[in-house]
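Visitor: My structure is in run26.txt, and what it holds is compact mmCIF, C-alpha atoms:
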```txt
# COMPACT_ATOMS: atom_id res chain seq x y z
CA MET A 292 -28.94 -96.21 83.34
CA TYR A 293 -30.50 -98.43 80.69
CA VAL A 294 -34.25 -98.45 80.14
CA PRO A 295 -35.56 -100.55 77.24
CA GLY A 296 -37.15 -98.45 74.54
CA LEU A 297 -36.14 -95.05 75.94
CA LYS A 298 -33.89 -92.56 74.19
CA TYR A 299 -30.46 -91.66 75.51
CA ARG A 300 -28.50 -88.62 74.50
CA CYS A 301 -24.86 -87.79 74.92
CA PRO A 302 -23.89 -84.58 76.63
CA ALA A 303 -23.67 -81.29 74.87
CA GLY A 304 -20.89 -80.73 72.43
CA ARG A 305 -20.62 -83.49 69.85
CA ARG A 306 -23.87 -85.27 70.63
CA ARG A 307 -25.11 -88.60 69.38
CA SER A 308 -28.78 -89.59 69.69
CA VAL A 309 -29.38 -93.33 69.94
CA LEU A 310 -32.59 -95.30 70.30
CA VAL A 311 -31.77 -98.04 72.79
CA GLY A 312 -33.55 -101.38 72.86
CA PRO A 313 -32.93 -104.52 74.95
CA CYS A 314 -30.12 -105.69 72.65
CA LEU A 315 -28.56 -102.38 71.57
CA LEU A 316 -26.27 -99.92 73.29
CA ILE A 317 -23.44 -97.98 71.70
CA ALA A 318 -20.53 -98.43 74.12
CA VAL A 319 -17.37 -100.50 74.40
CA ALA A 320 -14.87 -101.72 76.93
CA GLY A 321 -11.82 -99.70 77.88
CA CYS A 322 -8.59 -100.67 79.58
CA GLU A 323 -5.76 -99.22 81.64
CA ARG A 324 -3.55 -96.86 79.69
CA GLU A 325 -0.40 -94.88 80.13
CA SER A 326 -0.24 -91.13 79.60
CA PRO A 327 2.06 -88.33 80.68
CA GLU A 328 1.27 -86.85 84.08
CA VAL A 329 1.70 -83.20 85.02
CA GLU A 330 0.92 -81.11 88.03
CA THR A 331 -2.49 -79.49 87.63
CA PRO A 332 -1.97 -75.75 87.09
CA PRO A 333 -3.30 -73.49 89.86
CA GLU A 334 -6.95 -72.67 89.34
CA THR A 335 -7.99 -69.06 88.78
CA ALA A 336 -11.20 -67.45 89.94
CA VAL A 337 -11.84 -65.39 86.80
CA GLN A 338 -15.54 -65.17 86.09
CA LEU A 339 -16.39 -65.29 82.39
CA VAL A 340 -19.49 -63.97 80.68
CA LEU A 341 -21.18 -65.19 77.51
CA ASP A 342 -22.49 -62.16 75.66
CA THR A 343 -25.37 -62.91 73.30
CA VAL A 344 -24.39 -61.57 69.88
CA ASN A 345 -27.36 -62.97 67.98
CA VAL A 346 -30.38 -65.21 68.48
CA VAL A 347 -31.77 -66.89 65.37
CA HIS A 348 -35.34 -68.18 65.34
CA SER A 349 -36.70 -70.39 62.58
CA ASP A 350 -39.54 -72.83 62.09
CA LEU A 351 -37.07 -74.93 60.08
CA PHE A 352 -34.97 -75.95 63.10
CA HIS A 353 -35.59 -79.60 63.92
CA ARG A 354 -33.34 -81.28 66.49
CA VAL A 355 -30.27 -79.21 65.77
CA GLU A 356 -27.13 -81.26 66.48
CA GLY A 357 -24.46 -78.95 65.08
CA VAL A 358 -23.78 -75.28 64.33
CA ARG A 359 -20.62 -74.09 62.52
CA ARG A 360 -19.32 -70.89 60.95
CA LEU A 361 -18.53 -70.87 57.22
CA ARG A 362 -15.99 -68.63 55.55
CA GLY A 363 -17.53 -65.22 55.01
CA GLY A 364 -19.68 -65.41 58.12
CA ASP A 365 -22.56 -67.68 57.09
CA LEU A 366 -23.80 -70.31 59.54
CA ALA A 367 -24.29 -74.01 58.80
CA VAL A 368 -26.98 -75.63 60.97
CA MET A 369 -27.29 -79.43 61.01
CA ASN A 370 -30.90 -80.57 61.43
CA ALA A 371 -30.71 -84.18 62.61
CA GLY A 372 -34.51 -84.30 62.82
CA SER A 373 -35.33 -83.22 59.26
CA LEU A 374 -32.04 -84.60 57.85
CA ASN A 375 -30.77 -81.47 56.14
CA LEU A 376 -28.27 -78.64 56.49
CA LEU A 377 -29.40 -75.03 56.59
CA LEU A 378 -27.05 -72.31 55.37
CA LEU A 379 -27.93 -69.01 57.04
CA ASP A 380 -26.46 -65.57 56.46
CA SER A 381 -24.88 -63.59 59.30
CA LEU A 382 -28.30 -62.24 60.29
CA GLY A 383 -29.84 -65.71 60.41
CA ASP A 384 -31.85 -65.56 57.18
CA LEU A 385 -32.00 -68.78 55.14
CA LYS A 386 -29.81 -68.86 52.01
CA GLU A 387 -29.64 -72.55 51.06
CA THR A 388 -30.93 -75.95 52.15
CA ILE A 389 -28.72 -79.01 51.66
CA GLY A 390 -29.91 -82.61 51.65
CA ARG A 391 -33.02 -84.58 52.47
CA LEU A 392 -34.07 -88.06 53.54
CA GLY A 393 -32.72 -90.66 51.14
CA GLN A 394 -29.81 -92.88 50.19
CA GLY A 395 -28.43 -91.14 47.14
CA PRO A 396 -25.70 -88.51 46.82
CA GLY A 397 -26.51 -85.47 48.95
CA GLU A 398 -29.13 -87.40 50.94
CA PHE A 399 -29.05 -88.65 54.53
CA GLN A 400 -30.42 -91.38 56.76
CA GLY A 401 -28.90 -90.34 60.10
CA MET A 402 -26.81 -87.19 60.63
CA LEU A 403 -24.31 -87.61 63.47
CA ASP A 404 -21.72 -84.87 63.07
CA MET A 405 -20.28 -82.27 60.69
CA ASP A 406 -17.19 -80.13 60.25
CA ILE A 407 -16.30 -77.11 58.13
CA GLU A 408 -13.09 -75.90 56.49
CA GLY A 409 -13.62 -72.63 54.64
CA ASP A 410 -16.67 -73.32 52.47
CA SER A 411 -16.22 -77.11 52.52
CA ILE A 412 -18.59 -79.14 54.68
CA VAL A 413 -18.30 -82.81 55.65
CA VAL A 414 -21.26 -84.66 57.16
CA LEU A 415 -21.10 -88.02 58.93
CA ASP A 416 -24.12 -90.27 58.30
CA GLY A 417 -24.16 -92.98 60.96
CA LEU A 418 -26.92 -95.12 59.49
CA MET A 419 -25.52 -95.09 55.96
CA ARG A 420 -21.97 -95.34 57.38
CA ARG A 421 -20.53 -92.78 55.03
CA VAL A 422 -19.08 -89.26 54.92
CA GLN A 423 -20.27 -86.76 52.32
CA LEU A 424 -18.38 -83.66 51.20
CA PHE A 425 -20.10 -80.48 50.03
CA HIS A 426 -18.80 -77.15 48.76
CA ARG A 427 -21.49 -74.97 50.29
CA ASP A 428 -24.71 -76.36 48.78
CA SER A 429 -23.01 -78.39 46.01
CA PHE A 430 -22.36 -82.10 46.53
CA VAL A 431 -18.72 -83.02 45.79
CA THR A 432 -18.07 -86.65 46.77
CA MET A 433 -18.64 -89.33 49.40
CA TRP A 434 -16.58 -91.95 51.21
CA PRO A 435 -18.08 -95.27 52.42
CA LEU A 436 -17.16 -96.49 55.90
CA ARG A 437 -18.79 -99.92 55.91
CA GLY A 438 -15.52 -101.81 56.26
CA ILE A 439 -14.83 -100.36 59.72
CA THR A 440 -15.96 -102.18 62.85
CA GLY A 441 -17.54 -99.99 65.48
CA THR A 442 -19.92 -97.08 65.85
CA PRO A 443 -19.16 -93.79 64.05
CA GLU A 444 -19.12 -90.79 66.38
CA GLN A 445 -17.28 -87.72 65.02
CA VAL A 446 -15.85 -86.37 61.76
CA ALA A 447 -13.30 -83.59 61.26
CA PHE A 448 -10.99 -82.16 58.66
CA SER A 449 -7.38 -82.87 59.54
CA SER A 450 -4.21 -80.98 58.69
CA GLY A 451 -3.02 -84.01 56.71
CA GLY A 452 -5.68 -83.83 54.02
CA GLY A 453 -8.78 -86.03 54.05
CA PRO A 454 -11.34 -85.99 56.84
CA VAL A 455 -10.92 -88.26 59.86
CA VAL A 456 -13.75 -90.24 61.47
CA ALA A 457 -13.79 -91.46 65.08
CA PHE A 458 -15.32 -94.88 65.82
CA GLY A 459 -16.21 -96.38 69.17
CA THR A 460 -15.36 -100.09 69.40
CA ARG A 461 -15.90 -102.76 72.02
CA PRO A 462 -14.65 -106.32 72.61
CA ASP A 463 -16.91 -109.32 72.37
CA ALA A 464 -19.22 -109.90 75.30
CA GLY A 465 -18.30 -112.73 77.66
CA GLN A 466 -19.42 -114.23 80.93
CA GLY A 467 -16.58 -112.49 82.74
CA ASN A 468 -17.98 -109.11 81.69
CA VAL A 469 -21.34 -109.47 83.43
CA MET A 470 -21.85 -106.89 86.21
CA ARG A 471 -18.64 -105.03 85.41
CA VAL A 472 -18.33 -101.42 84.27
CA LEU A 473 -16.76 -101.49 80.80
CA ARG A 474 -15.65 -98.73 78.43
CA GLU A 475 -15.41 -98.34 74.71
CA THR A 476 -12.16 -97.44 72.99
CA VAL A 477 -12.26 -94.74 70.30
CA GLU A 478 -10.25 -95.31 67.11
CA LEU A 479 -9.55 -92.84 64.30
CA TYR A 480 -9.66 -93.54 60.55
CA ARG A 481 -9.01 -91.42 57.48
CA VAL A 482 -11.94 -91.62 55.10
CA ASP A 483 -9.65 -92.16 52.10
CA ASP A 484 -7.87 -95.06 53.84
CA PRO A 485 -10.48 -96.61 56.14
CA GLY A 486 -8.81 -99.99 56.46
CA THR A 487 -6.19 -98.95 59.00
CA ALA A 488 -6.67 -97.06 62.25
CA LEU A 489 -4.47 -94.00 62.74
CA GLU A 490 -1.75 -94.26 65.34
CA THR A 491 -2.53 -92.36 68.54
CA SER A 492 -0.15 -91.58 71.37
CA VAL A 493 -2.76 -92.32 74.05
CA GLU A 494 -5.87 -94.45 74.17
CA ILE A 495 -9.07 -92.45 73.75
CA PRO A 496 -11.61 -93.73 76.30
CA GLY A 497 -15.24 -93.83 75.29
CA ASP A 498 -18.70 -94.44 76.76
CA GLU A 499 -19.28 -96.63 79.80
CA PHE A 500 -21.72 -99.54 79.86
CA PHE A 501 -22.29 -102.85 81.64
CA TYR A 502 -23.89 -106.25 81.10
CA GLY A 503 -26.64 -107.13 83.55
CA ARG A 504 -28.95 -110.06 84.14
CA GLY A 505 -32.64 -109.86 83.32
CA GLU A 506 -35.52 -112.20 83.98
CA GLY A 507 -34.65 -115.82 83.36
CA GLY A 508 -30.93 -115.04 83.36
CA ALA A 509 -30.97 -113.24 80.00
CA THR A 510 -28.13 -110.76 79.53
CA PHE A 511 -28.87 -107.12 78.72
CA MET A 512 -26.67 -104.11 78.08
CA GLY A 513 -27.21 -100.94 80.07
CA MET A 514 -25.58 -97.80 81.35
CA PRO A 515 -24.28 -97.71 84.91
CA ALA A 516 -25.63 -95.06 87.23
CA PHE A 517 -23.70 -91.78 86.85
CA ASN A 518 -21.98 -93.09 83.73
CA VAL A 519 -19.60 -91.02 81.59
CA TRP A 520 -19.67 -90.53 77.85
CA SER A 521 -16.71 -90.18 75.56
CA THR A 522 -15.42 -86.62 75.95
CA TYR A 523 -13.02 -85.68 73.16
CA ASP A 524 -12.93 -83.33 70.20
CA LEU A 525 -11.15 -83.50 66.84
CA THR A 526 -9.46 -80.37 65.48
CA ARG A 527 -7.39 -79.38 62.43
CA THR A 528 -4.17 -79.95 64.37
CA GLY A 529 -5.02 -82.93 66.55
CA VAL A 530 -7.21 -84.29 69.33
CA ILE A 531 -8.19 -83.10 72.81
CA VAL A 532 -9.19 -85.96 75.16
CA ALA A 533 -10.86 -85.29 78.51
CA ASP A 534 -11.48 -88.40 80.61
CA GLY A 535 -14.76 -87.87 82.40
CA ARG A 536 -13.97 -90.70 84.81
CA ASP A 537 -10.57 -89.70 86.22
CA GLY A 538 -10.34 -86.00 85.29
CA ARG A 539 -7.24 -86.06 83.09
CA VAL A 540 -7.05 -83.93 79.93
CA VAL A 541 -4.57 -84.81 77.17
CA SER A 542 -3.84 -83.35 73.74
CA PHE A 543 -1.90 -84.87 70.87
CA PRO A 544 -1.32 -83.85 67.24
CA TRP A 545 -2.14 -85.83 64.13
CA GLY A 546 0.56 -88.30 63.24
CA GLY A 547 0.92 -90.12 66.56
CA GLN A 548 3.47 -87.82 68.16
CA VAL A 549 3.91 -87.67 71.94
CA ALA A 550 0.88 -86.41 73.85
CA ARG A 551 0.81 -83.46 76.23
CA ALA A 552 -0.97 -83.81 79.56
CA LEU A 553 -2.97 -80.66 80.23
CA ARG A 554 -4.60 -81.95 83.41
CA ALA A 555 -3.44 -84.83 85.61
CA ALA A 556 -5.79 -87.54 86.85
CA SER A 557 -7.51 -86.85 90.17
CA PRO A 558 -8.63 -89.23 92.93
CA PRO A 559 -12.23 -90.40 92.52
CA ALA A 560 -14.93 -88.81 94.65
CA PRO A 561 -18.10 -90.70 95.61
CA VAL A 562 -21.51 -89.42 94.56
CA PRO A 563 -22.94 -87.44 97.49
CA GLN A 564 -25.82 -89.05 99.35
CA ALA A 565 -28.19 -86.25 98.34
CA GLU A 566 -27.56 -87.04 94.66
CA MET A 567 -28.07 -90.77 95.29
CA ASP A 568 -31.36 -90.01 97.03
CA ARG A 569 -32.55 -88.02 94.01
CA PHE A 570 -31.46 -90.87 91.73
CA TRP A 571 -33.68 -93.32 93.62
CA GLN A 572 -36.57 -90.86 93.67
CA ARG A 573 -36.41 -90.55 89.89
CA ALA A 574 -36.12 -94.33 89.50
CA GLU A 575 -39.23 -94.87 91.61
CA THR A 576 -41.11 -92.26 89.54
CA VAL A 577 -40.22 -94.04 86.30
CA ALA A 578 -41.11 -97.42 87.81
CA ARG A 579 -44.61 -96.17 88.65
CA ARG A 580 -45.02 -94.92 85.09
CA ARG A 581 -43.80 -98.20 83.58
CA PRO A 582 -45.61 -100.98 85.43
CA ASP A 583 -45.07 -103.21 82.40
CA MET A 584 -41.38 -103.64 83.24
CA ASP A 585 -39.31 -104.33 86.31
CA TYR A 586 -37.58 -100.98 86.18
CA MET A 587 -36.21 -101.08 89.72
CA THR A 588 -34.23 -104.23 88.88
CA PHE A 589 -32.40 -102.27 86.19
CA ALA A 590 -31.87 -99.36 88.57
CA ARG A 591 -30.45 -101.56 91.32
CA GLN A 592 -28.05 -103.30 88.94
CA ALA A 593 -26.94 -99.93 87.52
CA VAL A 594 -25.86 -98.96 91.06
CA ASP A 595 -24.63 -102.36 92.27
CA VAL A 596 -22.26 -102.72 89.31
CA TRP A 597 -20.02 -100.10 90.98
CA GLY A 598 -19.55 -102.11 94.15
CA GLU A 599 -19.36 -100.28 97.46
CA SER A 600 -19.15 -96.71 96.16
CA VAL A 601 -20.50 -94.94 93.06
CA PRO A 602 -17.83 -92.56 91.65
CA ARG A 603 -18.88 -89.07 90.56
CA PRO A 604 -17.97 -88.11 86.96
CA PHE A 605 -15.72 -85.12 86.24
CA TYR A 606 -16.81 -83.95 82.77
CA GLU A 607 -19.72 -84.20 80.36
CA ALA A 608 -18.31 -82.64 77.18
CA VAL A 609 -15.29 -80.98 75.58
CA ILE A 610 -15.30 -78.41 72.75
CA THR A 611 -12.07 -76.98 71.35
CA ASP A 612 -10.71 -74.89 68.50
CA GLY A 613 -7.23 -76.35 68.99
CA SER A 614 -6.05 -73.30 70.92
CA GLU A 615 -8.54 -73.00 73.78
CA THR A 616 -10.89 -75.63 75.17
CA LEU A 617 -14.29 -75.50 76.82
CA MET A 618 -14.91 -78.17 79.47
CA LYS A 619 -18.43 -78.96 80.63
CA HIS A 620 -18.33 -80.18 84.23
CA PHE A 621 -20.62 -82.92 85.45
CA ALA A 622 -23.83 -81.78 87.11
CA PRO A 623 -26.71 -83.99 88.30
CA SER A 624 -29.84 -83.86 86.20
CA SER A 625 -31.62 -82.04 89.03
CA SER A 626 -29.29 -79.03 88.64
CA ASP A 627 -30.60 -76.04 86.72
CA LEU A 628 -27.09 -74.74 85.96
CA VAL A 629 -23.99 -76.43 84.57
CA GLU A 630 -20.44 -75.08 85.07
CA TRP A 631 -18.10 -74.65 82.12
CA SER A 632 -14.34 -73.92 82.26
CA LEU A 633 -12.22 -72.33 79.55
CA LEU A 634 -8.72 -73.84 79.39
CA GLY A 635 -5.69 -72.31 77.70
CA GLY A 636 -3.22 -74.14 75.50
CA ASP A 637 -1.23 -75.41 78.50
CA GLY A 638 -4.29 -76.55 80.45
CA GLU A 639 -4.51 -73.49 82.68
CA THR A 640 -7.99 -72.34 83.70
CA LEU A 641 -8.72 -69.01 82.03
CA GLY A 642 -12.09 -68.69 83.70
CA THR A 643 -15.50 -70.26 84.30
CA PHE A 644 -19.16 -69.54 83.59
CA ASN A 645 -22.52 -71.20 84.21
CA LEU A 646 -25.19 -72.06 81.67
CA GLY A 647 -28.72 -73.37 81.99
CA ARG A 648 -29.39 -76.96 80.95
CA ALA A 649 -31.59 -75.76 78.08
CA THR A 650 -28.51 -74.38 76.26
CA GLU A 651 -26.21 -76.69 74.29
CA LEU A 652 -22.84 -75.51 72.99
CA HIS A 653 -21.58 -76.94 69.68
CA SER A 654 -18.47 -75.10 68.50
CA LEU A 655 -15.75 -72.70 69.63
CA ARG A 656 -13.51 -70.53 67.49
CA SER A 657 -11.55 -67.47 68.67
CA ARG A 658 -13.85 -66.97 71.69
CA GLU A 659 -17.00 -67.14 69.55
CA VAL A 660 -19.33 -69.91 70.72
CA LEU A 661 -22.19 -71.31 68.65
CA GLY A 662 -24.97 -73.23 70.31
CA VAL A 663 -28.66 -74.00 70.56
CA GLY A 664 -31.16 -72.92 73.20
CA ARG A 665 -34.65 -74.18 73.95
CA ASP A 666 -37.55 -72.24 75.40
CA SER A 667 -40.19 -73.49 77.82
CA LEU A 668 -42.05 -75.16 74.95
CA ASP A 669 -38.84 -76.90 73.77
CA VAL A 670 -38.68 -74.74 70.65
CA GLU A 671 -35.09 -74.40 69.40
CA HIS A 672 -33.16 -71.26 68.54
CA VAL A 673 -29.54 -70.87 67.41
CA LEU A 674 -27.25 -68.76 69.59
CA VAL A 675 -24.16 -66.78 68.62
CA LEU A 676 -22.24 -66.02 71.83
CA ARG A 677 -18.91 -64.42 72.72
CA ILE A 678 -16.75 -65.12 75.76
CA ARG A 679 -15.34 -62.23 77.77
CA GLU A 680 -14.17 -61.61 81.33
CA ALA A 681 -16.82 -60.30 83.69
CA ALA A 682 -14.74 -57.22 84.50
CA ASP A 683 -14.29 -56.35 80.82
CA ASP A 684 -16.71 -53.55 80.02
CA GLY A 685 -16.11 -54.14 76.28
```
If you took the structure in this file and wrote it as structure tokens, what would it be?
Guide:
Amino acid sequence: MYVPGLKYRCPAGRRRSVLVGPCLLIAVAGCERESPEVETPPETAVQLVLDTVNVVHSDLFHRVEGVRRLRGGDLAVMNAGSLNLLLLDSLGDLKETIGRLGQGPGEFQGMLDMDIEGDSIVVLDGLMRRVQLFHRDSFVTMWPLRGITGTPEQVAFSSGGGPVVAFGTRPDAGQGNVMRVLRETVELYRVDDPGTALETSVEIPGDEFFYGRGEGGATFMGMPAFNVWSTYDLTRTGVIVADGRDGRVVSFPWGGQVARALRAASPPAPVPQAEMDRFWQRAETVARRRPDMDYMTFARQAVDVWGESVPRPFYEAVITDGSETLMKHFAPSSSDLVEWSLLGGDGETLGTFNLGRATELHSLRSREVLGVGRDSLDVEHVLVLRIREAADDG
């Protein structure tokens, strides 16, 4: 739900932090699309465990929005708050610091995402609308993205050569779009040929939003209650798309070849009454804290835009290494734990585990998971985790 002046964050995985004002919201309209349908594989009841391999503490961590493994075992930590990259050794000790606030080569204004191939690092700067390439701590080159319409979201090395950047785009606002749930469409561009979008075999759905009516009939943009974010991940070999609204999961390789449906769409389920009650309780709490604005009007429109029934989302995030995929299932903000599923290459469920909301996962590779935890004082620490089956004593 939209609240003027408050900060919204995407779910764990590839996050994007956006300061939202009355005239700004990063989201676009979606449309009906065709994709291959398959029978959902039978679910398994395997319980997975995340073993903690290492916990790295540092006073230098400042709003960590990405953690990746470099060749040789070093860690790259993207500090979106202090606008730099930290290169840590396998024990977590600092080796190098890359970047700072600025507009020149090797400097950043707004770090959105990063990817690593060997010792090469690409960083997506959303405010400067450019991608920078580093070889460890040495700046190599940059690619401007200013000719592309839309909002940059993700960057990744592709098997075809240059990095690829994902942009969320939306159609022009119109009177017919008021009080309708709309979705962005995600398009992919190579940084060395940003003028043409890459062909994709399925449409990649993005964030949901809606246009509402404020005081005096003014139009505002906001997020519908129980909205979904874009849930996809770019890999060396292609793209994994998980639609948080209808539950389908699709993969396709670079080059626009035919997609594979890993999970079929499922019928929508309404938000349970208990969750709706908690939604209204939170809305009333915020309204009491913000007497300067008619918050309950925003809250009512965020619910009314759905019509008779508010649908419950399926997913909040997807993280993949191209072979296996972690799916973060939707959980209301009142839940202390969030369920994750590990899917195999054919979409089968290999197992599930639960994590506390204070832990964010950022990358997966060969069952190693890198993430960030926060203690009771909201102090960050980097986590190196490994997935295993609960019955595996190893």
Visitor: Which residues, written as a PyMOL selection string, have at least one atom at most 6 Å from Thr476 (chain A), with all atoms listed in the file counted and residues fewer than 5 positions away on the same chain left out?
Guide: chain A and resi 321+459-460+495-497
Visitor: For Arg658 (chain A), which of A:Val477, A:Leu339, A:Val358, A:Val601 is the closest residue, counting all atoms listed in the file?
Guide: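 Closest to Arg658 (chain A) of all the choices is A:Leu339.
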Visitor: Taking (-23.0, -100.1, 58.3) in the file's coordinates as the center, which residues reach within 10 Å of it, counting only C-alpha atoms, put as a count of residues only?
Guide: 15
Visitor: Could you give me, as a count of residues only, the residues within 7 Å of region 522-532 of chain A, counting all atoms listed in the file and dropping anything in the same chain fewer than 3 positions from it?
Guide: 19
Visitor: Write out as a short mmCIF file (atom, residue, chain, number, x, y, z; two decimals) with C-alpha atoms, keeping the file's coordinate frame which residues come within 7 Å of region 387-391 of chain A when counting all atoms listed in the file, dropping same-chain ones fewer than 2 positions away.
Guide:
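Listed below is the output, part00.cif:
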```cif
data_model
loop_
_atom_site.label_atom_id
_atom_site.label_comp_id
_atom_site.auth_asym_id
_atom_site.auth_seq_id
_atom_site.Cartn_x
_atom_site.Cartn_y
_atom_site.Cartn_z
CA LEU A 374 -32.04 -84.60 57.85
CA ASN A 375 -30.77 -81.47 56.14
CA LEU A 376 -28.27 -78.64 56.49
CA LEU A 377 -29.40 -75.03 56.59
CA LEU A 378 -27.05 -72.31 55.37
CA LEU A 385 -32.00 -68.78 55.14
CA GLY A 393 -32.72 -90.66 51.14
CA GLY A 397 -26.51 -85.47 48.95
CA GLU A 398 -29.13 -87.40 50.94
CA PHE A 399 -29.05 -88.65 54.53
CA ASP A 428 -24.71 -76.36 48.78
#
```
